[in-house]
Structures are given as structure tokens and as C-alpha cells.
Number of protein chains: 2
Amino acid sequence: MAKTTTSNHAGTARQRGVTMNDVAKHAGVSRTAVSFVLSNRENASISEETRTRINEAVQALGYRPNAGARALASQRSDWYGIVTEIVTAPFAVDIIKGAQDQAWLDRKFLLIAPSDQADAVGPNQGLEDAATEKLLEQRVEGLLYAATFHRGVHVPETAKEVPTVLINCFDADGKLPSIVPDERAGGRTAVERLLRAGHRRIGVINLDPVIPAAIGRLEGAREALADAGLELDPELVVPGYATADGGYEAACRILDRYPQEDRPTALFCLNDRMAMGAYDAIKERGLTIPGDIAVIGFDNQELIAAYLRPKLTTVALPFEEMGALGVQTLAALTAGQPIIADQQLVGCPLLERSSV
Amino acid sequence: MAKTTTSNHAGTARQRGVTMNDVAKHAGVSRTAVSFVLSNRENASISEETRTRINEAVQALGYRPNAGARALASQRSDWYGIVTEIVTAPFAVDIIKGAQDQAWLDRKFLLIAPSDQADAVGPNQGLEDAATEKLLEQRVEGLLYAATFHRGVHVPETAKEVPTVLINCFDADGKLPSIVPDERAGGRTAVERLLRAGHRRIGVINLDPVIPAAIGRLEGAREALADAGLELDPELVVPGYATADGGYEAACRILDRYPQEDRPTALFCLNDRMAMGAYDAIKERGLTIPGDIAVIGFDNQELIAAYLRPKLTTVALPFEEMGALGVQTLAALTAGQPIIADQQLVGCPLLERSSV
DNA sequence: TGCGCAAAGTAACGCGCGTTACCTAACTGG
DNA sequence: CCAGTTAGGTAACGCGCGTTACTTTGCGCA
């Protein structure tokens, strides 16, 4: 009897790599045959019998394909790369989750590379470039760039050698496709919710007014008010640092400025952290939420929104959807399909909880 | 003149893959020579002149090594795999950050694969197994398993084909090395901090008493009290759901149970979310933090601890360090070094803010 | 002059696999 | 009985690179 196992090392089997050749010998066929059945080739003529014999050999030997070798031969790595500062500033991890889930569905692997807190402009992109370079060395079929907050970015030149999609950010100079939240519609949603609850005098706690999030959300708020025949009173829009303390101070200012009858009955906080501070300001004054003052946030940061008391009604940033859509767009691009749109907007759904 | 660029496609250069051969021809040397200078081989005899000529060719052609081919030839992938549910439940992303940073330093690449919310026991490990399998197909040199909260887990059998380290969890059956937080020392730290501030009557808001976190932290608290000649009054230990609401209710119970003079002057909340609820209970009763009641948390969930008002003093879970240490341990294992310890404890540092 | 030896470099094999030719035997139809 | 077809396979090349063994050239020195 011929030895059926062909482990090249004398000792323990499977010490190092069972190859397709081993499987072939074990099954008494050629390596080509094995390759055919493993890749489920359509017009390959392999009898049902040998097919099962091969499969049994695979089982028996515990064969596991070598993805690297396969990629080399087939010229398809089945990898996408995503470079992101999210690892270092985990505000928007859900982008990665969405992207990874979608990639898994498409039988792609997502290679995650860290980009250091990229100040979008400065020449401090060294690490980001290195990450991109590393990803390209792995022969990724496409690249994703994801930011923790909606803004313009510059992507390294080298990235353009391969299809590229931006998530939660947009290309400040070139013409790369991007996926961003529909801030304007989100702002409208928030204010419409307050209007629906009967509020007419609405205070707004604003972010840094130059960032896309602030611009869009405020614009949406204005539209919603206009639809109701109202105007946004500039006096009621107070800026604050994007923190709980910032929200607290801004809320104090707005609450203390008016006599009770003129006081806004609702606060639209442009992010949840500020809403957290606003809660304190409100409670401190003996007012109740939402009885005396309704509060609506933005971002849906679970850790905050779901744990504030009362739980915060807020408009969610669709991170997961953006991640998934990014991968889908990338798939379309790598397949040679034309770009769907230069910039795809993703809706920001309202999350009803108990603060309105 | 011979054409110097050897792009195999007529049109645009660098369309698909500049190979080492192209570089070699461009520089007028053999591919072997190129390989030698690129890998900085020690005892290779390449004249300084040809060396620079080769480097120039690399630049000129924009050559980028093919990591896959290199891995195939050298039998070293330079990859570690990490399978984790953190992507889906991003509580402990910092583990990934720590691991990735360390991997980057070691010139390794971290392949992140999602594991679905693994109920540690149940047979619902389908996806986790699939993830492991995928990683092994990529020929990772080692595996990491990371959990969102400290607990026992079962890792798939196949994982044992390659060095494996557990992070923030431990092997429930086998003997895999693991990295976990030193909960006991952390609990001690927290209570010692309260004692140092003069508190003698300390309430504890407990987690589910069977999980490692609760057991360890409580044990540490007991030790700290014992050192001060005190005992942990079982009446002062109230359990709660691990949420803000749970913390609120538990705090209410503990605060309302005693007349003012018997009331605890400090609360040790076993996690920050519960501390968040406790804040509300305290403020609601017109008490101040830390004036009337000091609060100390555990976990250091940035979004909560850093944004509560007053900011929460808490004991940090050393996620980043655990991630880094995991990679270091893995490096040691793959290098054939013996395991340092079956289970490595990582200290939980105190983060002083303003609630004590 | 001739020998030895270091310097400088190259040919060629193999890593594990996809893929394209090609080959053989059995079966069909006329 | 023979050409043509099809089922069932196989040999062999190439993917891009690491690596070993081997070759060639120059040069010091007896």
C-alpha cells in the first residue's frame, strides 16, 4: 500500500501547510482537478465520484486554502482597505462595523489601517500616507477613508491608483466620491419634531458655525421653521464648545436671558454631548424635561443618549449605513460601474425617546 | 536606445503592477540584485553605485513590493489576526487601538475579524469559527481574541494551530495565555481613594455579582477597608442593572434607607454608567457632589466620565495597555519564547477628576 | 606568470495556486 | 467501421518574490 498521507515532515502531520498537492495525491488525482472542484468551476468536467473523493481528502487532511497564493495567482486579493482615525478616536466605530459587515457579505476582507488624527490640512499626513502605502502593498482592490466627524480632507496622491471612496468626509480638492450624512435633512427632522410637539419658541445650541455639521443642521432648522411660517430668531442661536460644559453654559445663557413667558420651550442641541450639559442646566433651575423644556439632540451617541434621564430624543448619524454604502459604492467602482453620484447623502433618522 | 520603461501594457504606465523585474531591467541588473538591496541584506555584495542605481529605478518606476508574493516566498505573512466582538459592541475599542499601535511598531499588520456577540457557551459560535478560519486562510502568524467585557470564553479548536493570546477574557477550558485587568487591585484603588478623602461609610453599587469584574472589584474594596480596620457592611452593597437607570434606582434605595447621619458619604459605583444614574439620584435630593456625597466610578468610559458634571473620578480599565501587551505576548510566543505567565494582570489606574 | 580569493553579480528553483492548453477513452451517428 | 463529439481529466506555465548555488571579473602577491 502506498502511504496515503504525504506530509513532507516526518513527524506530526499538518505541522506546516497541507497544500493542494497533498490533497491531490491523497485523492489520487491531479492538482488541477482539486483546484477545479474547490473553486466550483462551472464548465469543468469532473465526475461526481472523484468530486466527493477530493472533498473527502480535503476533510481528512484538514486542507485550508492559502489566501495569499490564491491572490497571487488569480490577481484578485478580495481585500478592501480602510484608513481611518476612528481607531484612535473611536467616536464613529459604527462606520467600521457597517463597512465590515457589508464586506463580509461580499466575501471581501477589510484591512483596517490607522490614520493619526489627521489635521485635514497640515503636512502632518506622514502616518496616513504610510498607512495608505501599506494597504497598497497588500494589493487592496479599493480604498476607503473614514473620518470621525464630517469634514473635508485631503487624501494622499497614491490613493488614486485604486478606486477610492470617502465616508463621513469629502475630498477637499479632487473629485473622489463620498458618502456623508444629510445634515440639512437631519436638522429639519429635529425641528419638525419639536414643532409637532407644539413648540414655537425654540432655542438652538450651536456648534462651531463653520463646520459642515453646523451649517447643514442649522440650515435644515431654518427650513423647518419657514415651513411653519416661523423664522429662526438669531438671538436664540447660541454657540458653545462641543462638550457637556459647553452645552451647560450655552443653556444657562439662553435660559437666564428671558423672563419665564419669553423663555424658549424647547432646545435643539446640535450634538448629544451638549445636550448632556443642557440637561444639567435645566434641572438645576428646577425645570423638568420635557414638561417645562423639551430637548432634542443630534448624533445619537448611545452612551449618552440612551443613558440620560430622561432618555434623550435625538437625530441619529447613520454611521453604519454610511459604512455599508461606502463598501457597496466601492464594489460598484471596482466592478467598473460608473459612479452613482459624486456625493451621496444618507438620511439621519429620528430616534424617539423621552425628552420631547 | 533601448526603451527603458518596460511596462507591459502599451498605454499608461503603472496601470497594473510594476514588478521587481521591471525595476531590474530599468536599472540594468538582475532581479536578484534588486531583491538584495530592497531587503537590505547584510552579507550581499552590491556596490554602492549599483545600489543607488537600483534605488533610483525604484523611484522612477514607482515600484511597490507585493506583500502577498513576498509572504508566499518567505513563508512569513507578518500578520496577526484579532477576532473580536468589539466591532459590533464598541465598548472597548481601545483594545484594538493598543494592539494595532504595537503591531505597527513591530512591523506587523493586524487583521481584524468580527465575532458576533459570542455567548461564551452556546453553540452559536458559527460566525466566530468562520472568522478564525478566514484568518488562518490568510496565514496569520498568531491570533488574538478580545472581548468587550472581562469573562471566560471558548475559542475554536482550529485556533490552536497557531499561537494564541486572549485579551480581556480568559480561556474557560484550555490553557491559553490571557491578559486581563486586575479588577481586585482596581477595587482597592477606588476605595482607598475614598478612604483617603476621609470617608468611612461607603456605599457600593454592585454589578451582577457573578461576573469577574464584580467579584474582583468587591474583593479589592473589602481588602482596602480591612486595611483601614473597617468592614464592608453587606447592607451597603446594593446590586443594580449595569445601566444608568440601574444606578439611579440603586442609589435611591441606598440614599433613602438611612437618616441623614447614617447615610453613606461616598458611593463606589462599579461602573460609570451606574455612576451616571447615581448622579441624578443625588442631585435630585438636593445633595451636592462631592460636597455631600462623593462618587467614584469604574471603567473610565470617556463619553460619560469626562462629560458628567462634576467630572467623574474613576478607575480606568487599561484597554490600550492590554491590547499592546497582547501583541507583545504574541510576538514572544511566535518567536518561540516561553510564555511569561498563564494570566497577566494589568493594573487599573485611578483617574482623578472632580467627584471625590 | 600564475594562483588564490574576495567582490559583484546572476541563473534558477520553489512558495501554493489559477488557468489554458492539450490529451485520452468512451460514446454517438451515419 | 470510422469520423466526430463529449466526458474526464492532466501537463505546464506564470503570478511576484526570497534564496541558494554558481559564475565571472579584478587584483594582490609569491
# chains A, B, ... in the order shown; residues from 1 in each chain; ligands from 1
>>> select_by_dssp(residues="region 75-220 of chain A", states="strand (DSSP E)", output="PyMOL selection string")
chain A and resi 79-84+109-114+142-153+164-171+178-181+202-206
>>> residues_around(residues="DG4 (chain C)", least_positions_apart="5", cutoff="12 Å", atoms="only C-alpha atoms (C1' of nucleotides)", output="list in words")
DC27, DG28, DC29 and DA30 of chain D
>>> atom_distance(atom1="CA of Arg76 (chain A)", atom2="CA of Asn40 (chain A)")
16.9 Å
>>> residues_around(residues="region 137-145 of chain A", least_positions_apart="2", cutoff="10 Å", atoms="only C-alpha atoms (C1' of nucleotides)", output="CSV table (one decimal) with C-alpha atoms, in the first residue's frame")
chain,number,residue,atom,x,y,z
A,68,GLY,CA,-2.1,34.7,-0.4
A,71,ALA,CA,-4.5,36.1,-4.6
A,72,LEU,CA,-1.1,36.0,-6.3
A,75,GLN,CA,-4.7,38.6,-9.4
A,76,ARG,CA,-7.6,39.4,-7.0
A,77,SER,CA,-6.9,39.9,-3.4
A,78,ASP,CA,-10.5,40.2,-2.3
A,79,TRP,CA,-9.4,43.0,0.1
A,80,TYR,CA,-10.5,46.5,0.7
A,81,GLY,CA,-8.5,48.8,2.8
A,82,ILE,CA,-9.9,51.4,5.1
A,83,VAL,CA,-7.8,54.1,6.6
A,84,THR,CA,-9.3,56.0,9.4
A,85,GLU,CA,-8.6,57.9,12.6
A,99,ALA,CA,-18.3,48.5,6.3
A,108,LYS,CA,-14.2,40.7,0.9
A,109,PHE,CA,-11.8,41.3,3.7
A,110,LEU,CA,-11.5,44.7,5.3
A,111,LEU,CA,-8.0,45.8,6.1
A,112,ILE,CA,-8.1,48.5,8.8
A,113,ALA,CA,-5.2,50.9,8.9
A,115,SER,CA,-4.5,57.2,10.4
A,131,ALA,CA,-0.9,53.5,6.1
A,132,THR,CA,-2.1,54.0,2.5
A,133,GLU,CA,1.2,52.7,1.2
A,134,LYS,CA,1.0,49.6,3.4
A,135,LEU,CA,-2.5,48.9,2.2
A,147,ALA,CA,-13.4,60.4,9.4
A,153,VAL,CA,-10.0,66.0,3.9
A,155,VAL,CA,-6.2,62.1,0.5
A,159,ALA,CA,-4.6,56.5,-3.2
A,160,LYS,CA,-5.7,57.4,-6.6
A,161,GLU,CA,-4.1,54.4,-8.1
A,162,VAL,CA,-7.1,52.4,-7.0
A,163,PRO,CA,-10.9,53.1,-6.6
A,164,THR,CA,-11.4,55.2,-3.6
A,165,VAL,CA,-14.5,56.3,-1.6
A,166,LEU,CA,-14.7,58.7,1.3
A,167,ILE,CA,-17.0,58.1,4.3
A,168,ASN,CA,-18.2,60.9,6.6
A,169,CYS,CA,-15.9,63.3,4.8
A,170,PHE,CA,-15.4,64.6,1.3
A,171,ASP,CA,-12.5,65.3,-1.0
A,178,SER,CA,-18.1,60.4,-0.9
A,323,GLY,CA,-20.1,52.3,6.1
A,326,GLY,CA,-19.2,53.0,1.2
A,327,VAL,CA,-18.4,49.4,0.6
A,330,LEU,CA,-16.5,50.7,-3.8
A,331,ALA,CA,-17.8,47.4,-5.1
A,333,LEU,CA,-16.4,51.1,-8.8
A,334,THR,CA,-14.1,48.2,-8.8
B,17,GLY,CA,1.9,46.3,-11.2
B,63,TYR,CA,7.7,50.3,-7.6
B,64,ARG,CA,5.8,48.9,-4.7
B,65,PRO,CA,6.6,45.5,-3.3
B,66,ASN,CA,3.8,42.9,-3.4
B,67,ALA,CA,3.3,41.9,0.1
B,68,GLY,CA,1.4,38.8,-0.9
B,69,ALA,CA,4.1,37.4,-3.1
>>> interface_residues(of="chain D", to="chain B", cutoff="10 Å", atoms="only C-alpha atoms (C1' of nucleotides)", output="short mmCIF file (atom, residue, chain, number, x, y, z; two decimals) with C-alpha atoms (C1' of nucleotides), in the first residue's frame")
data_model
loop_
_atom_site.label_atom_id
_atom_site.label_comp_id
_atom_site.auth_asym_id
_atom_site.auth_seq_id
_atom_site.Cartn_x
_atom_site.Cartn_y
_atom_site.Cartn_z
"C1'" DC D 15 1.72 35.17 -10.64
"C1'" DG D 16 5.94 38.25 -7.86
"C1'" DC D 17 9.29 37.31 -4.93
"C1'" DG D 18 13.14 35.01 -1.46
"C1'" DT D 19 17.02 32.38 -1.65
#
>>> residues_around(residues="Thr88 (chain A)", least_positions_apart="5", cutoff="8 Å", atoms="only C-alpha atoms (C1' of nucleotides)", output="list in words")
Pro114, Ser115, Asp116 and Gln117 of chain A; Asp94 and Lys97 of chain B
>>> interface_residues(of="chain C", to="chain A", cutoff="6 Å", atoms="only C-alpha atoms (C1' of nucleotides)", output="PyMOL selection string")
chain C and resi 16-18
>>> select_by_dssp(residues="region 213-327 of chain B", states="alpha helix (DSSP H)", output="VMD selection string")
chain B and resid 213 to 227 244 to 257 272 to 284 302 to 305 319 to 327
>>> atom_distance(atom1="CA of Gly246 (chain B)", atom2="CA of Arg273 (chain B)")
8.7 Å
>>> residues_around(residues="Asp280 (chain B)", least_positions_apart="6", cutoff="9 Å", atoms="only C-alpha atoms (C1' of nucleotides)", output="PyMOL selection string")
(chain A and resi 309) or (chain B and resi 248+251)
>>> write_last_selection(atoms="C-alpha atoms", output="tab-separated table (two decimals), in the first residue's frame")
chain	number	residue	atom	x	y	z
A	309	ARG	CA	-32.56	60.63	32.30
B	248	TYR	CA	-30.24	55.56	39.73
B	251	ALA	CA	-28.62	54.95	44.58
>>> residues_around(residues="Met322 (chain A)", least_positions_apart="5", cutoff="7 Å", atoms="only C-alpha atoms (C1' of nucleotides)", output="ChimeraX atom specification")
/A:95,167,179,346
>>> write_last_selection(atoms="C-alpha atoms", output="PDB file, in the first residue's frame")
ATOM      1  CA  ILE A  95     -18.687  53.128  10.275  1.00  0.00           C
ATOM      2  CA  ILE A 167     -17.001  58.111   4.251  1.00  0.00           C
ATOM      3  CA  ILE A 179     -20.756  59.365   1.484  1.00  0.00           C
ATOM      4  CA  VAL A 346     -27.581  59.404   3.816  1.00  0.00           C
TER       5      VAL A 346
END
>>> residues_around(residues="DT10 (chain D)", least_positions_apart="6", cutoff="9 Å", atoms="only C-alpha atoms (C1' of nucleotides)", output="ChimeraX atom specification")
/A:29-33 /C:22-23
>>> write_last_selection(atoms="N, CA and C atoms (P, O5', C5', C4', C3', O3' and C1' of nucleotides)", output="mmCIF file, in the first residue's frame")
data_model
loop_
_atom_site.group_PDB
_atom_site.id
_atom_site.type_symbol
_atom_site.label_atom_id
_atom_site.label_comp_id
_atom_site.auth_asym_id
_atom_site.auth_seq_id
_atom_site.Cartn_x
_atom_site.Cartn_y
_atom_site.Cartn_z
ATOM 1 N N VAL A 29 -5.634 12.118 -7.739
ATOM 2 C CA VAL A 29 -5.950 12.891 -8.946
ATOM 3 C C VAL A 29 -4.897 13.976 -9.137
ATOM 4 N N SER A 30 -5.096 14.775 -10.131
ATOM 5 C CA SER A 30 -4.144 15.860 -10.371
ATOM 6 C C SER A 30 -4.527 17.079 -9.547
ATOM 7 N N ARG A 31 -3.549 17.936 -9.352
ATOM 8 C CA ARG A 31 -3.806 19.143 -8.595
ATOM 9 C C ARG A 31 -4.860 20.007 -9.300
ATOM 10 N N THR A 32 -4.818 19.989 -10.597
ATOM 11 C CA THR A 32 -5.791 20.764 -11.355
ATOM 12 C C THR A 32 -7.211 20.357 -10.994
ATOM 13 N N ALA A 33 -7.427 19.060 -10.927
ATOM 14 C CA ALA A 33 -8.760 18.577 -10.568
ATOM 15 C C ALA A 33 -9.192 19.153 -9.233
ATOM 16 P P DC C 22 -2.687 23.594 -27.861
ATOM 17 O "O5'" DC C 22 -2.738 22.103 -27.283
ATOM 18 C "C5'" DC C 22 -1.697 21.654 -26.424
ATOM 19 C "C4'" DC C 22 -2.169 20.417 -25.679
ATOM 20 C "C3'" DC C 22 -2.725 19.306 -26.579
ATOM 21 O "O3'" DC C 22 -1.779 18.255 -26.633
ATOM 22 C "C1'" DC C 22 -3.957 19.575 -24.548
ATOM 23 P P DC C 23 -2.003 17.078 -27.761
ATOM 24 O "O5'" DC C 23 -2.047 15.763 -26.884
ATOM 25 C "C5'" DC C 23 -1.699 15.796 -25.502
ATOM 26 C "C4'" DC C 23 -2.546 14.771 -24.764
ATOM 27 C "C3'" DC C 23 -3.060 13.634 -25.651
ATOM 28 O "O3'" DC C 23 -2.576 12.390 -25.165
ATOM 29 C "C1'" DC C 23 -4.796 14.520 -24.298
#
>>> closest_residue(among="A:Pro338, A:Pro264, A:Gly247, A:Pro156", to="chain B", atoms="only C-alpha atoms")
A:Gly247
>>> closest_residue(among="A:Lys283, A:Arg53, A:Arg353, A:Lys25", to="chain B", atoms="only C-alpha atoms")
A:Lys283
